[in-house]
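Data from work00.cif: mmCIF, C-alpha atoms
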```
data_target
#
loop_
_atom_site.label_atom_id
_atom_site.label_comp_id
_atom_site.auth_asym_id
_atom_site.auth_seq_id
_atom_site.Cartn_x
_atom_site.Cartn_y
_atom_site.Cartn_z
CA MET K 1049 0.00 0.00 0.00
CA PRO K 1050 1.48 3.36 -0.97
CA SER K 1051 1.56 6.07 1.71
CA VAL K 1052 -1.43 8.37 1.88
CA HIS K 1053 0.34 11.23 0.10
CA ASP K 1054 1.57 9.05 -2.78
CA ARG K 1055 -1.63 9.35 -4.77
CA GLY K 1056 -0.78 8.84 -8.43
CA GLY K 1057 -3.14 6.34 -10.03
CA MET K 1058 -5.16 5.74 -6.87
CA PRO K 1059 -8.58 4.73 -8.27
CA THR K 1060 -11.32 7.33 -8.21
CA THR K 1061 -14.25 8.30 -10.38
CA GLU K 1062 -14.42 11.76 -8.85
CA PRO K 1063 -14.53 14.54 -11.43
CA ILE K 1064 -12.06 17.38 -11.07
CA ASP K 1065 -13.66 20.27 -9.22
CA ARG K 1066 -12.43 23.35 -11.04
CA SER K 1067 -14.03 25.87 -8.75
CA SER K 1068 -11.62 27.85 -6.63
CA HIS K 1069 -12.04 29.40 -3.22
CA GLU K 1070 -10.75 32.72 -2.03
CA TRP K 1071 -8.04 32.13 0.57
CA ALA K 1072 -9.12 32.89 4.11
CA ASP K 1073 -6.80 35.15 6.11
CA TRP K 1074 -5.41 32.18 8.02
CA GLU K 1075 -4.53 30.42 4.75
CA HIS K 1076 -2.58 33.45 3.57
CA LEU K 1077 -0.91 33.41 6.97
CA VAL K 1078 0.09 29.75 6.79
CA ASN K 1079 1.40 30.05 3.25
CA ALA K 1080 3.48 33.09 4.13
CA LEU K 1081 4.63 31.70 7.47
CA VAL K 1082 6.26 28.79 5.68
CA GLY K 1083 8.06 31.30 3.46
CA VAL K 1084 9.34 33.17 6.50
CA LEU K 1085 10.42 30.00 8.30
CA ARG K 1086 12.24 28.79 5.21
CA ARG K 1087 14.01 32.08 4.77
CA ARG K 1088 15.18 31.92 8.38
CA ASP K 1089 16.32 28.28 8.02
CA LEU K 1090 13.88 27.15 10.69
CA LEU K 1091 12.04 24.82 8.32
CA ASN K 1092 12.91 23.52 4.88
CA VAL K 1093 10.56 22.25 2.23
CA ASP K 1094 11.61 18.64 2.74
CA GLU K 1095 10.79 18.87 6.44
CA LEU K 1096 7.46 20.48 5.59
CA ARG K 1097 6.63 17.56 3.31
CA ARG K 1098 7.82 15.00 5.83
CA GLY K 1099 5.63 16.57 8.51
CA ILE K 1100 2.63 16.38 6.18
CA GLU K 1101 3.36 12.75 5.35
CA ALA K 1102 3.58 11.97 9.08
CA MET K 1103 -0.13 12.78 9.54
CA SER K 1104 -2.39 9.80 10.10
CA PRO K 1105 -4.06 8.77 6.84
CA PRO K 1106 -7.56 9.66 8.10
CA GLU K 1107 -6.41 13.12 9.20
CA TYR K 1108 -4.52 13.68 5.93
CA GLU K 1109 -7.62 12.76 3.94
CA ALA K 1110 -9.96 14.89 6.02
CA SER K 1111 -7.79 18.01 6.13
CA THR K 1112 -7.71 20.90 3.74
CA TYR K 1113 -4.45 21.84 2.06
CA TYR K 1114 -3.35 24.50 4.54
CA GLU K 1115 -4.60 22.48 7.50
CA ARG K 1116 -2.01 19.91 6.44
CA TRP K 1117 0.64 22.63 6.34
CA SER K 1118 -0.45 23.82 9.78
CA ALA K 1119 -0.09 20.30 11.18
CA SER K 1120 3.39 19.95 9.68
CA ILE K 1121 4.64 23.34 10.89
CA GLU K 1122 3.57 22.36 14.38
CA THR K 1123 5.22 18.94 14.18
CA ILE K 1124 8.53 20.33 12.97
CA LEU K 1125 8.71 23.35 15.30
CA VAL K 1126 7.87 21.20 18.34
CA GLU K 1127 10.36 18.56 17.27
CA LYS K 1128 13.08 21.21 17.02
CA GLY K 1129 12.19 22.62 20.43
CA ILE K 1130 11.32 26.03 18.96
CA LEU K 1131 7.82 25.86 20.45
CA SER K 1132 6.21 23.39 22.83
CA ALA K 1133 3.00 21.52 22.17
CA ASP K 1134 1.58 22.85 25.46
CA GLU K 1135 2.14 26.50 24.66
CA ILE K 1136 0.65 26.03 21.18
CA ALA K 1137 -2.42 24.40 22.71
CA GLU K 1138 -2.73 27.22 25.22
CA ALA K 1139 -2.33 29.93 22.60
CA ALA K 1140 -4.84 28.14 20.36
CA GLN K 1141 -7.36 28.27 23.20
CA GLU K 1142 -6.90 32.01 23.42
CA VAL K 1143 -7.48 32.30 19.69
CA ASP K 1144 -10.56 30.17 20.16
CA ALA K 1145 -11.85 32.29 23.04
CA ARG K 1146 -11.49 35.43 20.98
CA TRP K 1147 -12.68 34.31 17.56
CA GLY K 1148 -13.72 30.68 17.76
CA MET A 1500 17.40 -4.74 -3.24
CA GLY A 1501 20.35 -5.90 -5.31
CA ILE A 1502 21.42 -2.29 -5.76
CA SER A 1503 25.01 -1.57 -4.91
CA ALA A 1504 26.34 1.61 -3.39
CA GLU A 1505 27.32 2.47 -6.93
CA ALA A 1506 23.74 2.78 -8.10
CA GLY A 1507 23.26 5.95 -10.02
CA HIS A 1508 26.94 6.37 -10.74
CA GLY A 1509 27.84 7.41 -14.24
CA LEU A 1510 24.29 7.52 -15.56
CA ARG A 1511 23.87 9.32 -18.87
CA VAL A 1512 21.07 10.66 -20.95
CA GLY A 1513 19.63 7.83 -23.05
CA ASP A 1514 20.43 5.11 -20.52
CA VAL A 1515 17.73 2.55 -19.87
CA VAL A 1516 17.27 2.32 -16.12
CA VAL A 1517 15.30 0.42 -13.50
CA VAL A 1518 13.95 2.27 -10.47
CA ARG A 1519 14.72 0.67 -7.11
CA ASN A 1520 11.73 -1.19 -5.80
CA ALA A 1521 12.04 0.00 -2.23
CA THR A 1522 9.79 1.71 0.27
CA PRO A 1523 12.06 3.11 2.96
CA ALA A 1524 10.34 4.45 6.07
CA HIS A 1525 12.01 7.85 5.66
CA HIS A 1526 10.80 10.66 3.44
CA HIS A 1527 11.56 10.10 -0.23
CA ARG A 1528 10.36 11.49 -3.55
CA THR A 1529 9.93 8.42 -5.71
CA PRO A 1530 6.26 7.78 -6.59
CA TRP A 1531 5.12 4.21 -5.91
CA PHE A 1532 3.99 3.53 -9.46
CA VAL A 1533 7.48 3.85 -10.98
CA LYS A 1534 9.22 1.66 -8.40
CA GLY A 1535 10.62 -1.44 -10.06
CA LYS A 1536 9.75 -0.05 -13.51
CA THR A 1537 12.01 0.46 -16.50
CA GLY A 1538 12.38 3.75 -18.32
CA ARG A 1539 14.87 5.87 -20.20
CA ILE A 1540 16.76 8.93 -18.98
CA ALA A 1541 15.59 11.95 -20.97
CA SER A 1542 17.69 14.59 -19.22
CA ILE A 1543 19.79 15.12 -16.10
CA SER A 1544 19.86 18.16 -13.84
CA GLY A 1545 21.34 19.19 -10.53
CA PRO A 1546 23.05 18.03 -8.40
CA PHE A 1547 20.62 19.03 -5.66
CA LEU A 1548 20.68 18.55 -1.89
CA ASP A 1549 19.24 15.14 -1.03
CA PRO A 1550 15.70 15.54 0.34
CA GLU A 1551 15.94 12.15 2.06
CA SER A 1552 18.57 13.67 4.31
CA ARG A 1553 17.22 17.23 4.53
CA ALA A 1554 13.77 16.06 5.57
CA HIS A 1555 15.25 14.49 8.70
CA GLY A 1556 17.60 17.19 9.91
CA GLY A 1557 20.54 16.17 7.72
CA ASP A 1558 22.71 18.47 5.64
CA GLY A 1559 21.50 17.03 2.33
CA LEU A 1560 24.96 15.79 1.35
CA PRO A 1561 26.06 14.17 -0.81
CA LYS A 1562 24.15 16.10 -3.43
CA ARG A 1563 22.31 13.96 -5.93
CA ARG A 1564 21.81 14.40 -9.64
CA LEU A 1565 18.20 14.36 -10.73
CA CYS A 1566 17.26 12.24 -13.73
CA ALA A 1567 14.11 12.92 -15.72
CA VAL A 1568 13.08 9.37 -16.57
CA GLU A 1569 10.51 8.69 -19.27
CA PHE A 1570 8.32 5.60 -18.99
CA ARG A 1571 5.81 4.16 -21.43
CA GLN A 1572 2.41 4.47 -19.81
CA VAL A 1573 1.60 0.85 -20.69
CA ASP A 1574 4.74 -0.21 -18.82
CA LEU A 1575 3.49 1.55 -15.70
CA TRP A 1576 -0.14 0.57 -15.67
CA GLY A 1577 -0.45 -2.42 -17.98
CA GLU A 1578 -4.06 -2.93 -18.96
CA GLY A 1579 -5.00 -0.19 -16.51
CA TYR A 1580 -3.89 2.29 -19.14
CA ARG A 1581 -6.74 2.58 -21.59
CA GLU A 1582 -5.72 5.62 -23.61
CA ASN A 1583 -2.97 5.59 -26.26
CA ASN A 1584 -0.09 3.12 -26.41
CA ARG A 1585 2.28 5.88 -27.49
CA ASP A 1586 1.67 7.96 -24.36
CA SER A 1587 4.43 8.36 -21.82
CA LEU A 1588 5.13 9.73 -18.38
CA LEU A 1589 8.18 11.68 -17.34
CA THR A 1590 9.22 12.03 -13.72
CA ASP A 1591 12.29 13.20 -11.84
CA ILE A 1592 14.14 10.49 -9.93
CA TYR A 1593 17.29 11.04 -7.88
CA GLU A 1594 20.20 9.08 -9.27
CA HIS A 1595 20.68 6.78 -6.28
CA TRP A 1596 17.27 5.27 -7.02
CA LEU A 1597 18.33 4.18 -10.50
CA GLU A 1598 20.29 1.26 -11.87
CA ARG A 1599 21.38 1.06 -15.47
CA LEU A 1600 19.92 -1.92 -17.24
CA GLY A 1601 22.47 -3.86 -19.28
CA GLN A 1602 25.32 -1.96 -20.84
CA MET F 1067 -1.92 39.88 9.25
CA SER F 1068 1.22 40.31 11.34
CA ASP F 1069 -1.00 41.07 14.31
CA ASP F 1070 -4.20 39.11 14.40
CA HIS F 1071 -5.77 41.69 16.71
CA SER F 1072 -6.14 43.77 13.59
CA HIS F 1073 -8.61 41.34 12.07
CA PRO F 1074 -11.99 41.99 13.63
CA ASP F 1075 -13.53 40.61 10.46
CA LEU F 1076 -12.21 37.18 11.27
CA LYS F 1077 -15.22 36.43 13.45
CA HIS F 1078 -17.56 36.89 10.53
CA HIS F 1079 -15.81 34.22 8.51
CA VAL F 1080 -16.55 30.53 8.56
CA PRO F 1081 -15.68 29.17 12.01
CA LEU F 1082 -11.98 28.44 12.19
CA SER F 1083 -10.93 24.80 12.23
CA GLU F 1084 -8.67 23.54 14.99
CA ARG F 1085 -5.71 23.53 12.60
CA ALA F 1086 -6.43 27.09 11.56
CA LYS F 1087 -6.49 28.22 15.18
CA ARG F 1088 -3.25 26.43 15.90
CA ALA F 1089 -1.58 28.09 12.91
CA ILE F 1090 -2.65 31.51 14.17
CA ALA F 1091 -1.42 30.51 17.62
CA ILE F 1092 1.96 29.41 16.25
CA HIS F 1093 2.36 32.70 14.44
CA ARG F 1094 1.51 34.70 17.58
CA LEU F 1095 4.00 32.71 19.65
CA LEU F 1096 6.80 33.07 17.11
CA VAL F 1097 6.29 36.83 17.01
CA ALA F 1098 5.91 37.13 20.80
CA LYS F 1099 9.19 35.28 21.31
CA GLY F 1100 11.00 37.39 18.75
CA ILE F 1101 11.75 34.36 16.59
CA ILE F 1102 10.22 36.12 13.60
CA GLY F 1103 9.52 39.80 13.12
CA PRO F 1104 6.01 41.19 13.54
CA ALA F 1105 5.74 42.31 9.90
CA GLU F 1106 7.55 39.46 8.19
CA VAL F 1107 4.55 37.35 7.36
CA GLU F 1108 2.69 40.33 6.01
CA SER F 1109 5.52 41.19 3.67
CA VAL F 1110 5.56 37.65 2.29
CA ILE F 1111 1.78 37.78 1.82
CA ASP F 1112 2.29 40.92 -0.25
CA GLN F 1113 5.02 39.26 -2.33
CA VAL F 1114 2.80 36.25 -2.99
CA ARG F 1115 0.06 38.57 -4.21
CA THR F 1116 2.38 40.08 -6.81
CA ARG F 1117 2.84 36.77 -8.65
CA SER F 1118 0.34 35.64 -11.23
CA PRO F 1119 0.13 33.71 -14.50
CA ALA F 1120 0.69 37.02 -16.30
CA ASP F 1121 4.40 36.54 -15.58
CA GLY F 1122 4.53 33.12 -17.20
CA ALA F 1123 2.49 34.47 -20.11
CA LYS F 1124 5.13 37.11 -20.85
CA VAL F 1125 7.82 34.44 -20.91
CA VAL F 1126 5.76 32.36 -23.33
CA ALA F 1127 5.02 35.33 -25.59
CA ARG F 1128 8.71 36.16 -25.76
CA ALA F 1129 9.50 32.56 -26.71
CA TRP F 1130 6.84 32.68 -29.44
CA THR F 1131 8.32 35.79 -31.01
CA ASP F 1132 12.04 35.23 -30.51
CA PRO F 1133 13.37 31.83 -31.63
CA ALA F 1134 16.77 32.38 -30.03
CA TYR F 1135 15.07 33.15 -26.73
CA LYS F 1136 12.92 30.06 -27.07
CA GLY F 1137 16.04 27.97 -27.55
CA ARG F 1138 17.54 29.37 -24.37
CA LEU F 1139 14.26 28.92 -22.49
CA LEU F 1140 14.12 25.22 -23.37
CA SER F 1141 17.80 24.48 -22.79
CA ASP F 1142 18.55 26.71 -19.79
CA SER F 1143 15.22 27.77 -18.37
CA ARG F 1144 16.55 29.40 -15.23
CA SER F 1145 18.87 31.80 -17.05
CA ALA F 1146 16.25 32.59 -19.66
CA VAL F 1147 13.71 33.53 -17.01
CA LEU F 1148 16.22 35.56 -15.01
CA GLU F 1149 17.03 37.37 -18.24
CA LEU F 1150 13.48 38.78 -18.20
CA GLY F 1151 13.86 39.91 -14.62
CA TYR F 1152 11.98 37.13 -12.83
CA ARG F 1153 13.31 35.56 -9.66
CA LEU F 1154 13.15 31.87 -8.92
CA SER F 1155 13.18 30.30 -5.49
CA ARG F 1156 16.57 29.19 -4.24
CA ASP F 1157 15.06 25.80 -3.49
CA ALA F 1158 13.62 25.00 -6.88
CA ASP F 1159 14.89 25.10 -10.42
CA LEU F 1160 12.79 25.43 -13.54
CA ALA F 1161 12.34 23.33 -16.65
CA VAL F 1162 10.23 24.30 -19.65
CA VAL F 1163 8.66 21.64 -21.89
CA GLU F 1164 7.32 22.46 -25.31
CA ASN F 1165 3.95 21.38 -26.66
CA THR F 1166 3.94 20.66 -30.37
CA ALA F 1167 1.62 19.08 -32.91
CA GLY F 1168 3.17 15.73 -32.01
CA VAL F 1169 3.42 15.83 -28.22
CA HIS F 1170 1.25 17.36 -25.52
CA HIS F 1171 2.65 17.80 -22.00
CA LEU F 1172 0.46 17.83 -18.91
CA VAL F 1173 1.99 18.65 -15.51
CA VAL F 1174 0.92 17.19 -12.17
CA CYS F 1175 2.50 16.62 -8.78
CA THR F 1176 1.19 13.32 -7.43
CA LEU F 1177 3.08 13.58 -4.12
CA CYS F 1178 2.11 17.09 -3.08
CA SER F 1179 1.67 20.28 -5.11
CA CYS F 1180 4.94 21.21 -6.86
CA TYR F 1181 4.17 24.06 -9.23
CA PRO F 1182 6.12 26.88 -10.92
CA THR F 1183 4.86 29.47 -8.42
CA ALA F 1184 7.57 31.95 -9.37
CA LEU F 1185 5.96 32.34 -12.81
CA LEU F 1186 2.32 31.36 -12.22
CA GLY F 1187 1.55 32.37 -8.64
CA PRO F 1188 0.04 29.85 -6.23
CA PRO F 1189 -1.51 26.75 -7.81
CA PRO F 1190 -5.29 26.61 -8.27
CA ASP F 1191 -7.29 24.40 -5.93
CA TRP F 1192 -7.87 21.73 -8.55
CA TYR F 1193 -4.12 21.28 -9.06
CA LYS F 1194 -3.84 20.34 -5.37
CA SER F 1195 -6.96 18.16 -5.35
CA PHE F 1196 -6.83 14.44 -4.79
CA ALA F 1197 -8.84 13.83 -7.96
CA TYR F 1198 -6.31 15.63 -10.18
CA ARG F 1199 -3.29 14.11 -8.45
CA GLN F 1200 -4.75 10.62 -8.75
CA ARG F 1201 -6.16 10.77 -12.24
CA ALA F 1202 -3.77 12.91 -14.31
CA VAL F 1203 -1.09 10.22 -14.45
CA VAL F 1204 -3.33 7.32 -15.41
CA GLU F 1205 -6.02 8.91 -17.56
CA PRO F 1206 -4.58 12.18 -18.85
CA ARG F 1207 -6.78 12.31 -21.95
CA ALA F 1208 -9.93 11.92 -19.87
CA VAL F 1209 -8.69 14.72 -17.61
CA LEU F 1210 -7.92 16.90 -20.63
CA ARG F 1211 -11.44 16.35 -21.94
CA GLU F 1212 -12.86 17.51 -18.62
CA PHE F 1213 -10.93 20.71 -19.15
CA GLY F 1214 -12.41 20.95 -22.63
CA THR F 1215 -9.16 20.04 -24.37
CA GLU F 1216 -9.39 17.64 -27.29
CA LEU F 1217 -6.04 16.66 -28.77
CA ASP F 1218 -5.20 16.01 -32.40
CA GLU F 1219 -5.40 12.34 -33.34
CA CYS F 1220 -1.68 12.11 -33.90
CA ALA F 1221 -0.55 13.83 -30.72
CA ARG F 1222 0.88 11.69 -27.97
CA VAL F 1223 0.53 12.69 -24.34
CA ARG F 1224 3.54 13.00 -22.12
CA VAL F 1225 2.53 13.48 -18.49
CA VAL F 1226 5.11 15.19 -16.30
CA ASP F 1227 4.94 14.18 -12.63
CA SER F 1228 6.85 16.93 -10.87
CA THR F 1229 8.42 15.29 -7.83
CA ALA F 1230 11.56 17.14 -6.94
CA ASP F 1231 13.65 20.26 -7.33
CA LEU F 1232 12.47 21.05 -10.84
CA ARG F 1233 9.27 22.97 -11.46
CA TYR F 1234 7.76 22.47 -14.89
CA LEU F 1235 6.24 25.13 -17.11
CA VAL F 1236 4.58 24.12 -20.36
CA LEU F 1237 5.32 26.23 -23.43
CA PRO F 1238 1.97 25.98 -25.22
CA ARG F 1239 1.63 25.98 -29.01
CA ARG F 1240 1.27 29.36 -30.61
CA PRO F 1241 -2.25 29.57 -32.01
CA GLY F 1242 -2.85 30.12 -35.70
CA GLY F 1243 -3.93 33.53 -36.98
CA THR F 1244 -1.52 35.39 -34.71
CA ASP F 1245 1.16 36.31 -37.25
CA GLY F 1246 1.04 40.06 -36.92
CA MET F 1247 0.42 40.21 -33.21
CA SER F 1248 2.70 41.98 -30.76
CA GLU F 1249 4.27 40.28 -27.77
CA VAL F 1250 1.82 42.01 -25.44
CA GLU F 1251 -1.17 40.90 -27.50
CA LEU F 1252 0.19 37.36 -27.63
CA ALA F 1253 0.69 37.26 -23.86
CA GLY F 1254 -3.04 37.92 -23.54
CA LEU F 1255 -3.73 34.58 -25.25
CA VAL F 1256 -1.63 32.57 -22.80
CA THR F 1257 -3.75 31.12 -20.02
CA ARG F 1258 -2.62 29.58 -16.76
CA ASP F 1259 -4.16 26.28 -17.82
CA SER F 1260 -2.16 26.27 -21.05
CA MET F 1261 1.06 26.60 -19.05
CA VAL F 1262 0.10 23.63 -16.86
CA GLY F 1263 -0.88 21.69 -19.96
CA VAL F 1264 -4.55 21.10 -19.18
CA GLY F 1265 -5.52 23.61 -21.84
CA GLU F 1266 -4.20 25.32 -24.93
CA ALA F 1267 -3.57 28.98 -25.59
CA LYS F 1268 -6.62 30.98 -26.65
CA THR F 1269 -7.18 31.77 -30.30
CA PRO F 1270 -7.64 35.43 -31.17
#
```
For this file, write the structure as structure tokens.
Amino acid sequence: MPSVHDRGGMPTTEPIDRSSHEWADWEHLVNALVGVLRRRDLLNVDELRRGIEAMSPPEYEASTYYERWSASIETILVEKGILSADEIAEAAQEVDARWG
Amino acid sequence: MGISAEAGHGLRVGDVVVVRNATPAHHHRTPWFVKGKTGRIASISGPFLDPESRAHGGDGLPKRRLCAVEFRQVDLWGEGYRENNRDSLLTDIYEHWLERLGQ
Amino acid sequence: MSDDHSHPDLKHHVPLSERAKRAIAIHRLLVAKGIIGPAEVESVIDQVRTRSPADGAKVVARAWTDPAYKGRLLSDSRSAVLELGYRLSRDADLAVVENTAGVHHLVVCTLCSCYPTALLGPPPDWYKSFAYRQRAVVEPRAVLREFGTELDECARVRVVDSTADLRYLVLPRRPGGTDGMSEVELAGLVTRDSMVGVGEAKTP
């Protein structure tokens, strides 16, 4: 069985949805944050991909594109000791309290 | 695997190559459907830092050359390919995944 | 965006997913700790907004009108693009593949979403979709038909699965009836889809 990200030729009859959505502010933020982290050598593109591929298959499948990036940024930054999982959880609760 | 440490060495455009049929646990950029398949090197670029090392905190060395390998679609999918027998697929494979077939 | 306090509108959007909240949280923490500057993300957002398929279209139009340039674009894509003043990422190089009467290229990234962002801007949603990533390699002609692209009988399809440090741009065929057109007019015929290979350039 190929990994969940290795999708070429995986059977599907789904048509290609050509509609596009306007990026939400947080999607712009995630996209740009990766650019900033790369520029500062805190995260490289191979680590970003590895962090995405480390998601559980059900979560990978259920997540949107930038949700996958968010998961990977968190994995890599925690792994490197730049941020802790606890402080991210706490800060996310504050975000939730304000805008959730 | 039957692939020596020399795999990928000295590859040239036009060489017929087999892709290693391996699924290492670490991050790698070889799609499953070309593993173990035979194709022909259409062009070579790089060398580039090795993503298999860079993805896991390594320095990406040694750099690897990147081979654009062209496969016949029917060789990849067999009867699963229902379009045109002349169609092909080109994908970039790092040299250490490739072994020259014959001489 | 550098300071999420400045986004009162956020509450009127769709409720944020857990991953969205955590991304905002990560950004706030990185700024609070001084690991990244407060305005850095915003400046990247602005840079991203400046890139669009219009850039790739200018490169294509130049190649259509200047055979020597086209030769350089196909053989040394990076230099040829730099020549026109575009910047490529330090992490990714560029390759240009030419569509002709005999061969039609279609680009996909089955593993993630590799795309020539430097010349086309961010990829469209469909390029990143599971359906496109799964189907483009195994039934490219069916995918092309969904995009309204019917190929000549004699054309063969060469799918490019972009996996690594090279980003692929398709040089579409120059449409007929464009002999007297200027480079600027020609660039107007070059669509994003034609540079990914799911479509062809528009006819005037």
K:Val1082, K:Ala1137, K:Val1093, K:Ala1072 ranked by distance to Asp1549 (chain A), top pick (using all atoms listed in the file): K:Val1093
Can you tell me which residues surround region 1250-1261 of chain F at a distance of at most 6 Å, considering only C-alpha atoms, apart from same-chain residues fewer than 3 positions away, and format the answer as a PDB file with C-alpha atoms, keeping the file's coordinate frame?
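Contents of out_27.pdb, as written:
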```
ATOM      1  CA  PRO F1119       0.130  33.710 -14.500  1.00  0.00           C
ATOM      2  CA  ALA F1123       2.490  34.470 -20.110  1.00  0.00           C
ATOM      3  CA  LYS F1124       5.130  37.110 -20.850  1.00  0.00           C
ATOM      4  CA  ALA F1127       5.020  35.330 -25.590  1.00  0.00           C
ATOM      5  CA  LEU F1235       6.240  25.130 -17.110  1.00  0.00           C
ATOM      6  CA  VAL F1236       4.580  24.120 -20.360  1.00  0.00           C
ATOM      7  CA  PRO F1238       1.970  25.980 -25.220  1.00  0.00           C
ATOM      8  CA  MET F1247       0.420  40.210 -33.210  1.00  0.00           C
ATOM      9  CA  VAL F1264      -4.550  21.100 -19.180  1.00  0.00           C
ATOM     10  CA  GLY F1265      -5.520  23.610 -21.840  1.00  0.00           C
ATOM     11  CA  GLU F1266      -4.200  25.320 -24.930  1.00  0.00           C
ATOM     12  CA  ALA F1267      -3.570  28.980 -25.590  1.00  0.00           C
ATOM     13  CA  LYS F1268      -6.620  30.980 -26.650  1.00  0.00           C
TER      14      LYS F1268
END
```
Compile a residue-level contact table for chain K against chain A at a cut-off of 9 Å, reporting for every qualifying residue the shortest atom pair and its distance in Å to one decimal, with only C-alpha atoms counted, rows ordered by chain and ascending number, as a tab-separated table.
```
residue	atom	partner	partner_atom	distance
K:Met1049	CA	A:Trp1531	CA	8.9
K:Pro1050	CA	A:Trp1531	CA	6.2
K:Ser1051	CA	A:Trp1531	CA	8.6
K:Asp1054	CA	A:Pro1530	CA	6.2
K:Arg1055	CA	A:Pro1530	CA	8.2
K:Gly1056	CA	A:Phe1532	CA	7.2
K:Gly1057	CA	A:Phe1532	CA	7.7
K:Asn1092	CA	A:Ala1554	CA	7.5
K:Val1093	CA	A:Ala1554	CA	7.7
K:Asp1094	CA	A:Ala1554	CA	4.4
K:Glu1095	CA	A:Ala1554	CA	4.2
K:Leu1096	CA	A:Ala1554	CA	7.7
K:Arg1097	CA	A:Ala1554	CA	7.6
K:Arg1098	CA	A:His1526	CA	5.8
K:Gly1099	CA	A:Ala1554	CA	8.7
K:Glu1101	CA	A:His1526	CA	8.0
```
Could you produce a table of the residues of chain K lying within 7 Å of chain F, with the nearest pair of atoms per residue and their separation in Å rounded to one decimal, using only C-alpha atoms, ordered by chain and increasing residue number, as CSV?
```
residue,atom,partner,partner_atom,distance
K:His1053,CA,F:Leu1177,CA,5.6
K:Asp1054,CA,F:Leu1177,CA,5.0
K:Arg1055,CA,F:Gln1200,CA,5.2
K:Gly1056,CA,F:Gln1200,CA,4.4
K:Gly1057,CA,F:Gln1200,CA,4.7
K:Met1058,CA,F:Gln1200,CA,5.2
K:Thr1060,CA,F:Ala1197,CA,7.0
K:Glu1062,CA,F:Ala1197,CA,6.0
K:Pro1063,CA,F:Ala1197,CA,6.7
K:Ile1064,CA,F:Ala1197,CA,5.7
K:Asp1065,CA,F:Trp1192,CA,6.0
K:Arg1066,CA,F:Trp1192,CA,5.4
K:Ser1068,CA,F:Asp1191,CA,5.6
K:Trp1074,CA,F:Ala1086,CA,6.3
K:His1076,CA,F:Ile1111,CA,6.4
K:Leu1077,CA,F:Val1107,CA,6.7
K:Val1078,CA,F:Ala1089,CA,6.6
K:Ala1080,CA,F:Val1110,CA,5.3
K:Leu1081,CA,F:Val1107,CA,5.7
K:Gly1083,CA,F:Val1110,CA,6.9
K:Val1084,CA,F:Val1107,CA,6.4
K:Glu1115,CA,F:Arg1085,CA,5.3
K:Ser1118,CA,F:Ala1089,CA,5.4
K:Ala1119,CA,F:Arg1085,CA,6.6
K:Ile1136,CA,F:Ala1091,CA,6.1
K:Ala1139,CA,F:Ala1091,CA,5.1
K:Ala1140,CA,F:Ala1091,CA,5.0
K:Val1143,CA,F:Lys1087,CA,6.2
K:Asp1144,CA,F:Lys1087,CA,6.7
K:Trp1147,CA,F:Lys1077,CA,5.3
K:Gly1148,CA,F:Leu1082,CA,6.3
```
Evaluate the PyMOL selection byres ((chain A) within 7 of (chain F)) and record the selected residues as a compact mmCIF listing (two decimals) with C-alpha atoms, in the coordinates of the input, following the chain and residue labels used in the document.
```
# COMPACT_ATOMS: atom_id res chain seq x y z
CA ARG A 1528 10.36 11.49 -3.55
CA TYR A 1580 -3.89 2.29 -19.14
CA GLU A 1582 -5.72 5.62 -23.61
CA ARG A 1585 2.28 5.88 -27.49
CA ASP A 1586 1.67 7.96 -24.36
CA SER A 1587 4.43 8.36 -21.82
CA LEU A 1588 5.13 9.73 -18.38
CA LEU A 1589 8.18 11.68 -17.34
CA THR A 1590 9.22 12.03 -13.72
CA ASP A 1591 12.29 13.20 -11.84
```
Separation of CA of Ile1592 (chain A) from CA of Arg1233 (chain F) in Å: 13.5 Å
Name every residue that the PyMOL selection byres ((chain A and resi 1519) around 10) selects in this structure, writing the answer as a list in words with chains first and numbers rising.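 Output from the PyMOL selection byres ((chain A and resi 1519) around 10), applied to this file: Met1500, Gly1501, Ile1502, Ala1506, Val1516, Val1517, Val1518, Asn1520, Ala1521, Thr1522, Thr1529, Val1533, Lys1534, Gly1535, Lys1536, Thr1537, His1595, Trp1596, Leu1597 and Glu1598 of chain A.
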Given the choices F:Leu1217, F:Cys1180, F:Leu1160, F:Val1126, which gets closest to Asp1142 (chain F) if the distance is worked out from only C-alpha atoms?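 Closest residue, counting only C-alpha atoms: F:Leu1160.
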How far is it from CA of Asn1079 (chain K) to CA of Leu1154 (chain F), in Å with one decimal? 17.0 Å
Could you work out how far CA of Asp1574 (chain A) lies from CA of Arg1239 (chain F), giving the answer in Å with one decimal?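 Between these atoms lies a distance of 28.3 Å.
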Hey, what comes out of the PyMOL selection byres ((chain A and resi 1548) around 7) on this file? Could you write it as a short mmCIF file (atom, residue, chain, number, x, y, z; two decimals) with C-alpha atoms, in the frame of the given file?
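Now in selection-v6.cif:
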```
data_model
loop_
_atom_site.label_atom_id
_atom_site.label_comp_id
_atom_site.auth_asym_id
_atom_site.auth_seq_id
_atom_site.Cartn_x
_atom_site.Cartn_y
_atom_site.Cartn_z
CA PRO A 1546 23.05 18.03 -8.40
CA PHE A 1547 20.62 19.03 -5.66
CA ASP A 1549 19.24 15.14 -1.03
CA PRO A 1550 15.70 15.54 0.34
CA GLY A 1559 21.50 17.03 2.33
CA LEU A 1560 24.96 15.79 1.35
CA LYS A 1562 24.15 16.10 -3.43
CA ARG A 1563 22.31 13.96 -5.93
#
```
Shortest interatomic distance to Thr1112 (chain K) - which of K:Glu1142, K:Trp1071, K:Arg1086, K:Lys1128, counting only C-alpha atoms: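 Once distances to Thr1112 (chain K) are computed over only C-alpha atoms, the minimum belongs to K:Trp1071.
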Pick the closest to Leu1085 (chain K) from K:Met1103, K:Ile1121, K:Val1052, K:Ala1110: which is it, counting all atoms listed in the file?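 With all atoms listed in the file as the atom set, the closest residue is K:Ile1121.
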